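Okay, structure first, notes after.
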Amino acid sequence: MKVTVKYFGMIAESAGRTEEVLDVVSGTSAIELKDQQVQKYQIQDPESIQLAVNQNLDNKVELNEGDEVAFLPPFAGG
Amino acid sequence: MRYDRQIKLDEVGVSGQEKLRNASVLIVGVGGLGCPAAQYLVGAGIGRLGLIDHDRVSLSNLHRQLLFTEKDLGKSKAVVAKSRLQQINSEVEIDVFEEPLSIDNAENLFQLYDIILDGTDNFETKYLINDACILIEKPWVYASIYKNEGQLSVFNFQDGPSYRCLFPKTTRQNISCEATGVLGVTPGILGTMQAAEVLKMILGAGNVLSGKLKLVNVLSGQDQLLTISKRVEEIEKIKNEGIIPVRIECKISDESKLYLDIREIFEQPRVNSGKVLQIPLSELEDRLEEIPKQEEVLVFCQSGKRSKKVVDLLKAQFEFNNLINVEGGVETIIDG
């Protein structure tokens, strides 16, 4: 199944893109997707990263076809 | 009259203007976010505004902190901001605090205001604002910037989520606008949006961004609005234990070398291993005798700019020929 992944802040730099469509195994959870992408792009400090699935910051969910998953890092500039 | 254009709006009116006049807001950090927020709040006729900032105006602030001019270089940001803001609106009462926000003063200071506006640039202070606001039950308006992106939310408003509900775990990667670079307009936009959230809360108008995280990308033009869930356990922890200080620590990569850290004590990450002399730039003149002259000392700051000045100055004026600047700053000498 296909999901759209959006990367923000320094994660977008690690991934070299701000968005991509991934083909993932049916039944993949948001957390599993995060682990895969963290490995793939060597994303730093994964524990601090929050996920939003379909604009909802609740990452304890199983993904469905067409879902949008945002990877959000904390940042503090001002 | 002064407020005619906003009183004409249904959301304001004469009664709304009265609400603004009776309201008070504390701005923590009068920088890229705090300057525009302060300008609009003062323009709108907020009754009382507090400004807390221990920093001084520097040349590299001027492209985004538009309350300051070339004449203000080296002066206290809070003091200069107050005088400029009083020129915009002398009816607003403005309090100035030329000190860092700390675990010791946060709660007492916040008690004096209705709403807290976060104009800071580090995680330590954002968590401090969050925890103090939970303890004394005040809402705060959050914004953060990374390059061309911004995050915006209102926390602890009417039993809504807190910053710890959004980010229960922080990161060591505290990268400031000084380090990454930023267009002046980006904090300008985010700081102005923070002021809008303050006005909405006071007026009871529109949808306050409580329980929402707004993501702004100035370059792509694409914004997102995400829903934040409340994590009751994070809020209860603060209510039970009080403010939990966030201290971002790291280890030095090469522990055989001697280092001099000239950053101020609030700058993160703190280095807690190896041989590191910690003498903040503000105390350096009085503590020169603590720096050895016989062995090689690697001097570092956040980005490598201040430390370069220090190395050059100590060599020229105090005959330190053993100092080497760490180009690229602290991030280049610590374990990632």
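We name chains A, B, ... following the order of the structure tokens; residues begin at 1 in each chain, and ligands are numbered from 1 as shown.
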
### Task
For chain B, work out the contacting residues on chain A at 7 Å, counting only C-alpha atoms, and write them as a list in words.
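The contacting residues on chain A are Gly9, Asp45, Glu47, Ser48, Gln55, Asn56, Leu57, Asp58, Pro74, Phe75, Ala76, Gly77 and Gly78 of chain A.
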
### Query
Do you know which residues are at most 12 Å from Ile31 in chain A counting only C-alpha atoms, after dropping those on the same chain fewer than 5 positions away, and could you put them as JSON, numbers by chain?
{"A": [36, 37, 38, 46, 47, 49, 50, 51, 52, 53, 58, 59, 60, 61, 62, 63, 69, 70, 71]}

### Message
Let me make sure I understand: among B:Leu209, B:Val297, B:Ala132, B:Ala44, which one has the smallest atom-to-atom distance to Met193 in chain B if we use only C-alpha atoms?
### Response
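Of B:Leu209, B:Val297, B:Ala132, B:Ala44, the one nearest Met193 in chain B is B:Leu209, counting only C-alpha atoms.
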
### Message
Just list as a list in words whatever in chain A DSSP marks as strand (DSSP E or B).
### Response
Lys2, Val3, Thr4, Val5, Lys6, Tyr7, Glu19, Glu20, Val21, Leu22, Asp23, Ser29, Gln50, Leu51, Ala52, Val53, Asn56, Leu57, Glu62, Glu68, Val69, Ala70, Phe71, Leu72 and Gly77 of chain A

### Task
Mind checking which residues fall within 10 Å of Asp114 in chain B, counting only C-alpha atoms, ignoring those fewer than 2 positions away in the same chain, and posting them as a PyMOL selection string?
chain B and resi 22-26+48+110-112+116+137-140+198+202

### Straight-line distance linking CA of Gly50 in chain B with CA of Asp95 in chain B, stated in Å to one decimal
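We find that CA of Gly50 in chain B and CA of Asp95 in chain B lie 4.6 Å from each other.
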
Find the residues around Arg17 in chain A up to 10 Å (only C-alpha atoms counted), leave out those fewer than 3 positions away in its own chain, and share them as a CSV table (one decimal) with N, CA and C atoms, in the first residue's frame.
chain,number,residue,atom,x,y,z
A,6,LYS,N,6.0,13.1,4.8
A,6,LYS,CA,6.5,14.5,4.7
A,6,LYS,C,7.5,14.7,5.8
A,7,TYR,N,8.6,15.3,5.4
A,7,TYR,CA,9.7,15.5,6.4
A,7,TYR,C,9.8,17.0,6.7
A,8,PHE,N,10.0,17.3,8.0
A,8,PHE,CA,10.2,18.7,8.4
A,8,PHE,C,11.5,19.0,9.0
A,11,ILE,N,15.1,16.9,9.5
A,11,ILE,CA,14.8,15.6,9.0
A,11,ILE,C,14.8,15.6,7.4
A,12,ALA,N,14.2,16.7,6.9
A,12,ALA,CA,14.1,16.9,5.5
A,12,ALA,C,15.5,16.9,4.9
A,13,GLU,N,16.5,17.5,5.7
A,13,GLU,CA,17.9,17.6,5.2
A,13,GLU,C,18.5,16.2,5.2
A,14,SER,N,18.3,15.4,6.3
A,14,SER,CA,18.8,14.1,6.3
A,14,SER,C,18.3,13.2,5.2
A,20,GLU,N,7.8,12.2,0.0
A,20,GLU,CA,7.9,11.1,-0.9
A,20,GLU,C,6.7,10.1,-0.7

### Query
CA of Phe157 in chain B and CA of Glu197 in chain B, how far apart in Å?
11.2 Å

## Note on the structure
Expressed in Å, the length from CA of Gly274 in chain B to CA of Arg247 in chain B is 18.0 Å

### Query
Which one is closest to Leu288 in chain B: B:Phe266, B:Phe320, B:Tyr163, B:Tyr259? Count only C-alpha atoms.
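With only C-alpha atoms as the atom set, the closest residue is B:Phe320.
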
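For the residues A:Gln44, A:Met1, A:Pro73, A:Glu68, ranking by smallest atom-to-atom distance to Thr28 in chain A using only C-alpha atoms places A:Met1 first.
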
### Query
Between A:Asn54, A:Met10, A:Tyr41, A:Asp67, which has the minimum distance to Leu22 in chain A (counting only C-alpha atoms)?
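Once distances to Leu22 in chain A are computed over only C-alpha atoms, the minimum belongs to A:Asp67.
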
### Nearest-residue call for Thr18 in chain A, choices A:Gln42, A:Asn64, A:Leu33, A:Val5, using only C-alpha atoms
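Checking each of A:Gln42, A:Asn64, A:Leu33, A:Val5 against Thr18 in chain A, counting only C-alpha atoms, the winner is A:Val5.
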